[in-house]
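As stored in start21.txt (compact mmCIF, C-alpha atoms and all ligand atoms):
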# COMPACT_ATOMS: atom_id res chain seq x y z
CA MET N 1 139.09 69.39 62.16
CA SER N 2 138.88 70.29 65.82
CA ALA N 3 135.99 72.35 67.10
CA LEU N 4 136.33 74.71 70.08
CA LYS N 5 135.62 72.88 73.31
CA THR N 6 133.14 74.30 75.81
CA GLY N 7 134.89 76.91 77.89
CA ASP N 8 137.45 77.70 75.20
CA GLU N 9 137.11 81.14 73.72
CA LEU N 10 138.62 82.77 70.72
CA GLN N 11 141.51 84.87 71.91
CA PRO N 12 142.35 88.22 70.31
CA LYS N 13 146.02 88.64 69.49
CA LYS N 14 148.52 89.50 72.19
CA GLY N 15 148.07 92.99 73.62
CA VAL N 16 144.49 93.66 72.57
CA LEU N 17 142.89 92.85 75.92
CA ASP N 18 145.47 95.06 77.66
CA ILE N 19 143.94 98.08 75.96
CA ALA N 20 141.74 100.19 78.20
CA ALA N 21 139.04 101.43 75.81
CA TYR N 22 139.46 105.12 74.97
CA VAL N 23 137.03 107.26 77.00
CA PRO N 24 136.22 110.46 75.10
CA GLY N 25 135.53 113.80 76.81
CA LYS N 26 132.17 113.93 78.57
CA SER N 27 129.33 115.73 76.83
CA LYS N 28 126.33 115.67 79.17
CA ALA N 29 124.90 118.45 81.33
CA PRO N 30 122.12 118.19 83.91
CA ALA N 31 118.60 118.81 82.54
CA ASN N 32 117.71 122.53 82.21
CA VAL N 33 121.35 123.61 82.27
CA LYS N 34 123.04 124.91 79.12
CA LEU N 35 125.91 122.66 78.11
CA HIS N 36 129.36 124.08 77.44
CA LYS N 37 131.53 121.20 76.26
CA LEU N 38 135.15 122.09 76.93
CA SER N 39 136.39 118.52 77.22
CA SER N 40 137.58 117.55 73.73
CA ASN N 41 139.48 120.59 72.43
CA GLU N 42 136.83 121.29 69.81
CA SER N 43 136.69 124.74 68.24
CA PRO N 44 134.18 127.21 69.72
CA LEU N 45 134.08 128.92 66.31
CA GLY N 46 133.03 125.83 64.35
CA PRO N 47 134.26 125.41 60.78
CA SER N 48 134.66 127.92 57.97
CA PRO N 49 131.23 128.66 56.39
CA LYS N 50 132.86 127.69 53.09
CA ALA N 51 133.48 124.20 54.47
CA ILE N 52 129.82 123.85 55.42
CA ASP N 53 128.69 124.98 51.93
CA ALA N 54 131.07 122.49 50.31
CA MET N 55 129.79 119.68 52.49
CA VAL N 56 126.14 120.47 51.75
CA SER N 57 126.76 120.46 48.01
CA VAL N 58 128.00 116.87 48.23
CA ALA N 59 124.58 115.74 49.47
CA LYS N 60 123.29 115.66 45.88
CA ASN N 61 125.58 112.76 44.95
CA LEU N 62 125.54 110.37 47.85
CA GLU N 63 125.20 107.32 45.59
CA LEU N 64 128.74 107.83 44.31
CA TYR N 65 131.85 106.44 45.98
CA PRO N 66 134.27 109.17 47.06
CA ASP N 67 137.59 109.76 45.32
CA GLY N 68 139.64 107.04 47.03
CA SER N 69 142.82 109.14 46.82
CA SER N 70 141.29 112.30 48.34
CA THR N 71 142.99 114.15 45.48
CA ALA N 72 141.32 117.56 45.90
CA LEU N 73 142.10 117.59 49.61
CA ARG N 74 145.71 116.55 49.13
CA GLU N 75 146.10 119.23 46.45
CA ALA N 76 144.72 121.89 48.78
CA ILE N 77 147.08 120.78 51.57
CA ALA N 78 150.05 120.66 49.18
CA LYS N 79 149.29 124.13 47.86
CA THR N 80 148.78 125.70 51.28
CA HIS N 81 151.89 124.20 52.85
CA GLY N 82 154.14 124.20 49.77
CA LEU N 83 154.44 120.38 49.66
CA ASN N 84 154.46 117.68 46.99
CA ILE N 85 151.12 115.84 46.80
CA ASP N 86 152.95 112.45 46.63
CA ASN N 87 154.18 113.02 50.18
CA ILE N 88 150.67 113.45 51.60
CA LEU N 89 148.28 110.77 52.85
CA CYS N 90 144.82 111.54 54.23
CA GLY N 91 143.07 109.62 56.98
CA ASN N 92 139.73 109.27 58.71
CA GLY N 93 140.98 111.57 61.43
CA SER N 94 144.63 111.51 62.41
CA ASP N 95 143.71 108.63 64.70
CA GLU N 96 143.37 106.44 61.61
CA ILE N 97 146.75 107.61 60.39
CA LEU N 98 148.41 106.79 63.72
CA SER N 99 146.83 103.37 63.47
CA MET N 100 148.00 102.93 59.84
CA ILE N 101 151.55 103.81 60.86
CA GLY N 102 151.41 101.02 63.43
CA THR N 103 149.88 98.48 61.03
CA THR N 104 152.44 99.29 58.36
CA TYR N 105 155.59 99.26 60.47
CA LEU N 106 155.17 97.44 63.78
CA GLU N 107 156.12 93.79 64.32
CA PRO N 108 155.11 91.90 67.48
CA ASP N 109 157.37 92.68 70.47
CA ASP N 110 158.72 95.89 68.99
CA GLU N 111 158.95 98.75 71.47
CA VAL N 112 156.97 101.95 71.03
CA ILE N 113 158.08 105.02 72.98
CA PHE N 114 155.89 107.91 74.09
CA THR N 115 155.92 110.28 77.03
CA GLU N 116 154.33 110.05 80.46
CA HIS N 117 151.43 112.37 79.71
CA GLY N 118 151.31 111.52 76.01
CA PHE N 119 148.17 111.03 73.91
CA LEU N 120 146.33 107.80 74.84
CA VAL N 121 146.05 106.62 71.24
CA TYR N 122 149.81 105.85 71.10
CA ARG N 123 149.42 103.13 73.72
CA ILE N 124 146.45 101.69 71.82
CA VAL N 125 148.49 101.55 68.60
CA ALA N 126 151.35 99.77 70.39
CA LEU N 127 149.17 97.18 72.11
CA ALA N 128 146.95 96.58 69.07
CA ASN N 129 150.09 95.50 67.24
CA SER N 130 151.31 93.22 70.07
CA CYS N 131 154.11 95.65 70.88
CA THR N 132 155.51 96.89 74.18
CA PRO N 133 154.63 100.47 75.17
CA ILE N 134 157.61 102.26 76.72
CA VAL N 135 156.54 105.27 78.75
CA VAL N 136 159.17 107.96 79.30
CA LYS N 137 159.13 110.56 82.10
CA GLU N 138 158.52 114.22 81.30
CA LYS N 139 160.24 117.13 82.97
CA ASN N 140 157.97 119.81 84.33
CA PHE N 141 155.08 118.51 82.17
CA THR N 142 157.31 118.85 79.09
CA THR N 143 158.90 116.30 76.76
CA ASP N 144 162.41 115.33 77.91
CA VAL N 145 164.48 114.50 74.83
CA ASP N 146 167.32 112.96 76.86
CA ALA N 147 164.89 110.63 78.63
CA ILE N 148 163.48 109.48 75.28
CA LEU N 149 166.94 108.86 73.83
CA ALA N 150 167.92 106.93 76.97
CA ALA N 151 164.89 104.65 76.48
CA VAL N 152 165.82 103.62 72.93
CA THR N 153 166.89 99.98 72.54
CA SER N 154 167.52 97.67 69.59
CA ARG N 155 163.80 96.81 69.72
CA THR N 156 162.55 100.41 69.46
CA ARG N 157 160.57 100.95 66.27
CA ILE N 158 158.47 104.10 66.76
CA VAL N 159 158.73 107.24 68.90
CA PHE N 160 155.42 109.11 69.10
CA LEU N 161 155.73 112.76 70.04
CA ALA N 162 152.78 115.14 70.26
CA ASN N 163 154.23 118.61 69.86
CA PRO N 164 152.51 120.55 71.36
CA ASN N 165 151.49 117.81 73.74
CA ASN N 166 147.94 117.04 74.85
CA PRO N 167 146.89 117.29 77.71
CA THR N 168 149.78 119.41 79.00
CA GLY N 169 149.81 122.08 76.26
CA THR N 170 153.60 122.35 76.38
CA TYR N 171 155.96 122.05 73.40
CA ILE N 172 159.63 121.57 72.65
CA PRO N 173 161.46 123.90 70.23
CA PHE N 174 162.46 122.68 66.78
CA ASP N 175 166.13 122.48 67.82
CA GLU N 176 165.12 119.90 70.41
CA VAL N 177 163.10 117.93 67.86
CA LYS N 178 166.14 117.88 65.59
CA ARG N 179 168.37 116.78 68.45
CA LEU N 180 165.91 113.97 69.19
CA HIS N 181 165.93 112.87 65.56
CA ALA N 182 169.71 113.03 65.34
CA GLY N 183 170.00 110.71 68.34
CA LEU N 184 167.65 108.04 66.94
CA PRO N 185 168.87 105.09 64.87
CA ASP N 186 167.80 105.28 61.20
CA ASN N 187 165.40 102.34 61.62
CA VAL N 188 163.34 104.13 64.27
CA ILE N 189 160.37 106.14 63.02
CA LEU N 190 159.80 109.51 64.65
CA VAL N 191 156.13 110.49 64.46
CA LEU N 192 155.49 114.17 65.09
CA ASP N 193 151.82 114.60 65.98
CA GLY N 194 151.01 118.22 65.15
CA ALA N 195 147.32 118.19 66.09
CA TYR N 196 147.76 121.65 67.66
CA ALA N 197 150.52 123.00 65.39
CA GLU N 198 148.43 125.81 63.92
CA TYR N 199 147.92 127.40 67.32
CA VAL N 200 151.63 127.82 68.05
CA ARG N 201 153.07 131.22 67.26
CA ASN N 202 156.45 130.86 69.00
CA ASN N 203 159.41 131.54 66.71
CA ASP N 204 161.37 128.52 67.90
CA TYR N 205 158.56 126.10 66.95
CA GLU N 206 158.26 124.12 63.73
CA ALA N 207 155.78 121.30 63.15
CA GLY N 208 158.36 119.19 61.30
CA ILE N 209 158.04 119.86 57.56
CA GLU N 210 161.66 120.96 57.22
CA LEU N 211 162.95 117.85 58.99
CA ILE N 212 160.84 115.48 56.90
CA SER N 213 161.96 117.04 53.66
CA SER N 214 165.57 116.17 54.48
CA THR N 215 165.26 112.76 56.23
CA LYS N 216 163.86 109.25 55.64
CA ASN N 217 162.33 108.24 58.98
CA VAL N 218 160.09 111.08 60.14
CA LEU N 219 156.31 111.44 59.73
CA MET N 220 154.10 114.37 60.68
CA THR N 221 150.39 113.94 61.38
CA ARG N 222 147.88 116.80 61.34
CA THR N 223 144.16 117.12 61.89
CA PHE N 224 141.09 119.10 60.85
CA SER N 225 139.45 118.30 64.20
CA LYS N 226 140.87 121.18 66.19
CA ILE N 227 141.50 124.60 64.64
CA TYR N 228 139.46 123.81 61.51
CA GLY N 229 136.42 122.90 63.61
CA LEU N 230 135.64 119.72 61.65
CA ALA N 231 136.02 117.00 64.29
CA SER N 232 132.70 115.45 63.27
CA LEU N 233 133.85 114.72 59.72
CA ARG N 234 137.03 112.87 60.79
CA ILE N 235 139.82 114.30 58.61
CA GLY N 236 143.54 113.99 59.21
CA TRP N 237 146.64 114.09 57.05
CA CYS N 238 150.18 112.89 57.13
CA TYR N 239 153.32 114.30 55.51
CA GLY N 240 156.27 111.99 55.06
CA PRO N 241 158.90 110.53 52.73
CA ALA N 242 157.28 109.25 49.49
CA GLU N 243 158.36 105.63 50.21
CA MET N 244 156.64 105.65 53.60
CA ILE N 245 153.47 107.25 52.22
CA ASP N 246 153.47 104.63 49.44
CA ALA N 247 153.75 101.80 51.99
CA MET N 248 150.90 103.14 54.10
CA ASN N 249 148.72 103.63 51.02
CA ARG N 250 148.96 99.86 50.41
CA ILE N 251 147.23 99.02 53.70
CA ARG N 252 144.82 101.98 53.67
CA GLY N 253 141.10 101.31 53.24
CA PRO N 254 140.34 102.14 49.59
CA PHE N 255 137.74 104.83 50.44
CA ASN N 256 138.85 105.90 53.90
CA LEU N 257 137.59 109.49 53.60
CA ASN N 258 134.00 110.18 52.62
CA SER N 259 133.02 112.81 50.04
CA ALA N 260 131.68 115.25 52.65
CA ALA N 261 135.01 115.14 54.48
CA ILE N 262 137.01 115.63 51.29
CA ALA N 263 134.86 118.58 50.17
CA ALA N 264 134.71 120.32 53.54
CA GLY N 265 138.38 119.73 54.29
CA THR N 266 139.41 121.14 50.92
CA ALA N 267 137.37 124.32 51.40
CA ALA N 268 138.59 124.70 55.00
CA MET N 269 142.25 124.31 54.01
CA LEU N 270 141.88 127.04 51.37
CA ASP N 271 140.18 129.53 53.72
CA GLY N 272 143.26 131.16 55.22
CA VAL N 273 141.32 134.17 56.51
CA PHE N 274 139.11 132.01 58.70
CA LEU N 275 142.18 130.16 60.01
CA GLU N 276 143.88 133.39 61.07
CA GLU N 277 140.73 134.50 62.90
CA ALA N 278 140.60 131.21 64.77
CA ILE N 279 144.27 131.52 65.76
CA SER N 280 143.81 135.07 67.07
CA PHE N 281 140.62 134.18 68.93
CA ASN N 282 142.37 131.31 70.67
CA ALA N 283 145.49 133.30 71.58
CA LYS N 284 143.44 136.11 73.08
CA TRP N 285 141.17 133.90 75.17
CA ARG N 286 143.85 131.40 76.19
CA GLU N 287 145.83 134.24 77.73
CA TRP N 288 142.77 135.73 79.40
CA VAL N 289 141.54 132.45 80.87
CA ALA N 290 145.02 131.41 82.08
CA ASP N 291 145.60 134.80 83.76
CA GLU N 292 142.19 134.84 85.43
CA ILE N 293 142.60 131.31 86.75
CA LYS N 294 146.09 132.01 88.06
CA ASN N 295 144.67 135.06 89.85
CA ILE N 296 142.26 132.75 91.66
CA GLY N 297 145.33 130.96 93.04
CA LEU N 298 145.35 127.85 90.87
CA SER N 299 148.39 126.86 88.88
CA VAL N 300 148.12 126.61 85.11
CA THR N 301 150.72 124.91 82.91
CA PRO N 302 151.82 127.36 80.17
CA SER N 303 150.04 126.21 77.00
CA VAL N 304 150.56 126.89 73.31
CA GLY N 305 147.48 124.87 72.32
CA ASN N 306 143.72 125.52 72.44
CA PHE N 307 143.40 124.21 75.98
CA ILE N 308 144.96 124.67 79.38
CA LEU N 309 145.84 122.29 82.17
CA ILE N 310 144.61 123.53 85.56
CA HIS N 311 146.13 122.04 88.72
CA PHE N 312 144.05 121.72 91.88
CA PRO N 313 145.08 121.32 95.51
CA GLU N 314 144.69 117.98 97.27
CA ASP N 315 142.67 119.52 100.13
CA THR N 316 139.28 117.94 100.73
CA GLY N 317 136.61 119.90 98.92
CA LYS N 318 139.06 121.59 96.56
CA THR N 319 140.38 118.67 94.52
CA ALA N 320 140.15 118.22 90.77
CA VAL N 321 137.33 115.70 91.32
CA ASP N 322 135.44 118.23 93.45
CA ALA N 323 135.99 120.96 90.87
CA ASP N 324 134.85 118.65 88.08
CA ASN N 325 131.62 117.87 89.95
CA TYR N 326 131.03 121.54 90.77
CA LEU N 327 131.57 122.70 87.18
CA SER N 328 129.62 119.81 85.65
CA ALA N 329 126.57 120.71 87.73
CA LYS N 330 126.67 124.11 86.03
CA GLY N 331 126.94 122.56 82.56
CA LEU N 332 130.66 123.33 82.31
CA ILE N 333 132.27 120.12 81.12
CA LEU N 334 136.06 119.99 81.43
CA ARG N 335 138.26 116.94 80.96
CA ALA N 336 139.39 114.84 83.91
CA VAL N 337 142.90 113.65 83.05
CA GLY N 338 143.53 110.91 85.60
CA SER N 339 143.93 108.47 82.72
CA TYR N 340 146.85 110.64 81.55
CA GLY N 341 148.54 110.33 84.95
CA LEU N 342 147.25 113.72 86.11
CA PRO N 343 144.67 113.00 88.81
CA ASN N 344 144.99 116.49 90.36
CA ALA N 345 144.33 118.42 87.18
CA LEU N 346 141.54 119.25 84.74
CA ARG N 347 142.02 120.16 81.11
CA MET N 348 139.88 123.00 79.80
CA SER N 349 139.44 123.67 76.10
CA ILE N 350 139.35 127.37 75.28
CA GLY N 351 135.66 127.99 74.63
CA SER N 352 133.38 130.78 73.50
CA GLU N 353 133.59 134.13 75.27
CA GLU N 354 130.50 133.13 77.26
CA ALA N 355 131.88 129.73 78.27
CA ASN N 356 135.26 131.16 79.27
CA HIS N 357 133.63 133.73 81.56
CA LEU N 358 131.35 131.10 83.08
CA VAL N 359 134.27 128.80 83.94
CA VAL N 360 136.32 131.59 85.48
CA ASP N 361 133.36 132.81 87.54
CA ALA N 362 132.51 129.29 88.65
CA LEU N 363 136.12 128.58 89.67
CA LYS N 364 136.19 131.82 91.69
CA ASP N 365 133.11 130.62 93.57
CA PHE N 366 134.52 127.13 93.92
CA MET N 367 137.84 128.21 95.39
CA GLY N 368 136.36 131.00 97.48
CA SER N 369 133.52 129.19 99.18
CA ASN N 370 133.40 126.06 101.28
CA VAL N 371 132.11 123.72 98.67
CA GLU N 372 131.05 120.33 100.00
CA SER N 373 132.85 117.40 98.47
CA LYS N 374 130.43 115.35 96.39
CA THR N 375 131.67 111.84 95.86
C1 LIG Q 1 142.84 115.69 69.07
C2 LIG Q 1 144.14 115.04 68.82
C3 LIG Q 1 144.37 114.36 67.62
C4 LIG Q 1 143.34 114.42 66.54
O1 LIG Q 1 142.69 113.26 66.31
P1 LIG Q 1 141.69 113.16 65.08
O2 LIG Q 1 141.58 111.69 64.93
O3 LIG Q 1 142.33 113.81 63.90
O4 LIG Q 1 140.41 113.82 65.48
C5 LIG Q 1 145.59 113.77 67.41
N1 LIG Q 1 146.57 113.86 68.33
C6 LIG Q 1 146.40 114.52 69.49
C7 LIG Q 1 147.52 114.63 70.45
C8 LIG Q 1 145.17 115.11 69.76
O5 LIG Q 1 144.98 115.75 70.92
If you convert what's in this file into structure tokens, what do you get?
Amino acid sequence: MSALKTGDELQPKKGVLDIAAYVPGKSKAPANVKLHKLSSNESPLGPSPKAIDAMVSVAKNLELYPDGSSTALREAIAKTHGLNIDNILCGNGSDEILSMIGTTYLEPDDEVIFTEHGFLVYRIVALANSCTPIVVKEKNFTTDVDAILAAVTSRTRIVFLANPNNPTGTYIPFDEVKRLHAGLPDNVILVLDGAYAEYVRNNDYEAGIELISSTKNVLMTRTFSKIYGLASLRIGWCYGPAEMIDAMNRIRGPFNLNSAAIAAGTAAMLDGVFLEEAISFNAKWREWVADEIKNIGLSVTPSVGNFILIHFPEDTGKTAVDADNYLSAKGLILRAVGSYGLPNALRMSIGSEEANHLVVDALKDFMGSNVESKT
């Protein structure tokens, strides 16, 4: 038996130390200033009151393990979306599902493709499994299917595609998703991350259900963290071919969702009226905020999600960093997106009526006046 010598350290597996730890959206305001957190795409409406009631009722039985199969939740999802319950897997947020997909399918040195301004978790999944992240250029802040297909090699194992994408807010039509799938080898898994799918009302958009029902290598992930206003409870779900769901179930933690999450998620999924209200609220305010900000003279990437990407000039005093400091001092917390390769932009979640007005007014002041650069 050989003991570790002084100076030797246990090494994590290849890739792990290349991961830059995920930095969530900021959530602090200066003392005495009301905080408006618009940095994590959370819902300004909160969850359905029915979800809160369901969660509270669970408090009487906290000594019991949850249903390890999240049956009630999967049934509610299946019923709402017209799916078979055997094709649905629930996760502790869709982050856990993305991670389970990696653990189930990735071998060391496989390649994992995602786009330039893609969600940071995809890189983490690749590196955590000792794989090579392959980052593909976007065109005009939008997924470029041809660029993805050109990046595919014999080592490619997963293509992660957020559609709509975060932090850009853009999407590709379903025809393009199908063209992407048709160009991939059968042994490459296409993961369609539909975290913002509910917000999209464009006729040429489809989250992926139709494609999955007729193919063997496509997965769709969804979340309760955004439109359902339940980010705190960590609930996500995945729809896929029964064989893939079965494989992922084998590596899943036996009780990965807690009872509060299962109860609240089930009630939220069945409250279609609340969902429609949240969709309308977002559409109305997204349009208003984007128009107002464009009128100030800033460019805004057209978004179908619950957030917008605002581009700032590079002039001293008017940069994204300056704007972030200016807004933060007023308790308006947006998301700096330098880590997504967008150092000149800020992402703003669509907030309450009050918060939306405050941001627009603050940006008018910021762009109009000679604001000193605070570094
Ligand atoms: C917010 C978000 C998610 C959701 O993650 P959860 O773990 O379900 O909270 C997934 N993908 C993208 C692109 C997101 O922006």
Open item on the list: So that I can check the surroundings of stretch 94-111 of chain N, please list as JSON, numbers by chain every protein, DNA and RNA residue that reaches within 8 Å of it, counting only C-alpha atoms and ignoring chain neighbours fewer than 2 positions away.
Closed with: {"N": [90, 91, 92, 113, 121, 122, 125, 126, 129, 130, 131, 132, 133, 134, 155, 156, 157, 158, 221, 222, 223, 234, 235, 236, 237, 238, 247, 248, 251, 252]}
Open item on the list: Would you pick out the contacts of N:His357 at 10 Å or less, using all atoms listed in the file, so that residues sharing its chain but fewer than 6 positions from it are not included, and give the list as a ChimeraX atom specification?
Closed with: /N:285,288-289,292,351,363
Task: For N:Tyr239: contacts at 12 Å, only C-alpha atoms, fewer than 4 positions along chain excluded, given as a PyMOL selection string - done: chain N and resi 74+77-78+81-91+94+97+101+191-194+207-213+216-223+243-246+248
- [ ] Do a neighbour search on N:Ser43 at 12 Å with only C-alpha atoms, toss out local chain neighbours closer than 6 positions, and write the hits as a list in words.
- [x]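 Listing them by chain and then by number gives His36, Lys37, Tyr196, Tyr199, Phe224, Ser225, Lys226, Ile227, Tyr228, Gly229, Leu230, Ala231, Ser232, Leu275, Glu277, Ala278, Ile279, Phe281, Asn282, Gly305, Asn306, Phe307, Ser349, Ile350, Gly351 and Ser352 of chain N.
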Please dump the current selection as a short mmCIF file (atom, residue, chain, number, x, y, z; two decimals), keeping the file's coordinate frame; keep C-alpha atoms.
data_model
loop_
_atom_site.label_atom_id
_atom_site.label_comp_id
_atom_site.auth_asym_id
_atom_site.auth_seq_id
_atom_site.Cartn_x
_atom_site.Cartn_y
_atom_site.Cartn_z
CA HIS N 36 129.36 124.08 77.44
CA LYS N 37 131.53 121.20 76.26
CA TYR N 196 147.76 121.65 67.66
CA TYR N 199 147.92 127.40 67.32
CA PHE N 224 141.09 119.10 60.85
CA SER N 225 139.45 118.30 64.20
CA LYS N 226 140.87 121.18 66.19
CA ILE N 227 141.50 124.60 64.64
CA TYR N 228 139.46 123.81 61.51
CA GLY N 229 136.42 122.90 63.61
CA LEU N 230 135.64 119.72 61.65
CA ALA N 231 136.02 117.00 64.29
CA SER N 232 132.70 115.45 63.27
CA LEU N 275 142.18 130.16 60.01
CA GLU N 277 140.73 134.50 62.90
CA ALA N 278 140.60 131.21 64.77
CA ILE N 279 144.27 131.52 65.76
CA PHE N 281 140.62 134.18 68.93
CA ASN N 282 142.37 131.31 70.67
CA GLY N 305 147.48 124.87 72.32
CA ASN N 306 143.72 125.52 72.44
CA PHE N 307 143.40 124.21 75.98
CA SER N 349 139.44 123.67 76.10
CA ILE N 350 139.35 127.37 75.28
CA GLY N 351 135.66 127.99 74.63
CA SER N 352 133.38 130.78 73.50
#
Work out where the centre of an axis-aligned box around every listed atom of ligand LIG 1 (chain Q) lies and how long its edges are once 3 Å is added on each side; give both in Å to one decimal as lines of an AutoDock Vina configuration file.
center_x = 144.0
center_y = 113.7
center_z = 67.4
size_x = 13.1
size_y = 10.1
size_z = 13.0
- [ ] Find the residues around N:Thr115 up to 9 Å (all atoms listed in the file counted), leave out those fewer than 6 positions away in its own chain, and share them as a ChimeraX atom specification.
- [x] /N:134-138,142-144,148,160-162
Open item on the list: Let me make sure I understand: among N:Met269, N:Ala355, N:Leu233, N:Ala264, which one has the smallest atom-to-atom distance to ligand LIG 1 (chain Q) if we use all atoms listed in the file?
Closed with: N:Leu233
Open item on the list: Using Å and a single decimal, report how far atom CA of N:Ser70 sits from atom CA of N:Ile262.
Closed with: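 Separating atom CA of N:Ile262 from atom CA of N:Ser70 is a distance of 6.2 Å.
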- [ ] Tell me, in Å to one decimal, how far atom CA of N:Asp175 is from atom CA of N:Glu206.
- [x]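 Between atom CA of N:Asp175 and atom CA of N:Glu206 the gap is 9.0 Å.
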- [ ] Go through N:Leu73, N:Ile296, N:Ala261, N:Ile189 one by one, measure the shortest atom-to-atom distance of each to N:Gly93 using only C-alpha atoms, and give the residue with the smallest value.
- [x]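 For N:Gly93, the nearest of the given residues is N:Ala261.
The gap separating atom CA of N:Gly169 from atom CA of N:Ala362 is 22.5 Å, in Å to one decimal.
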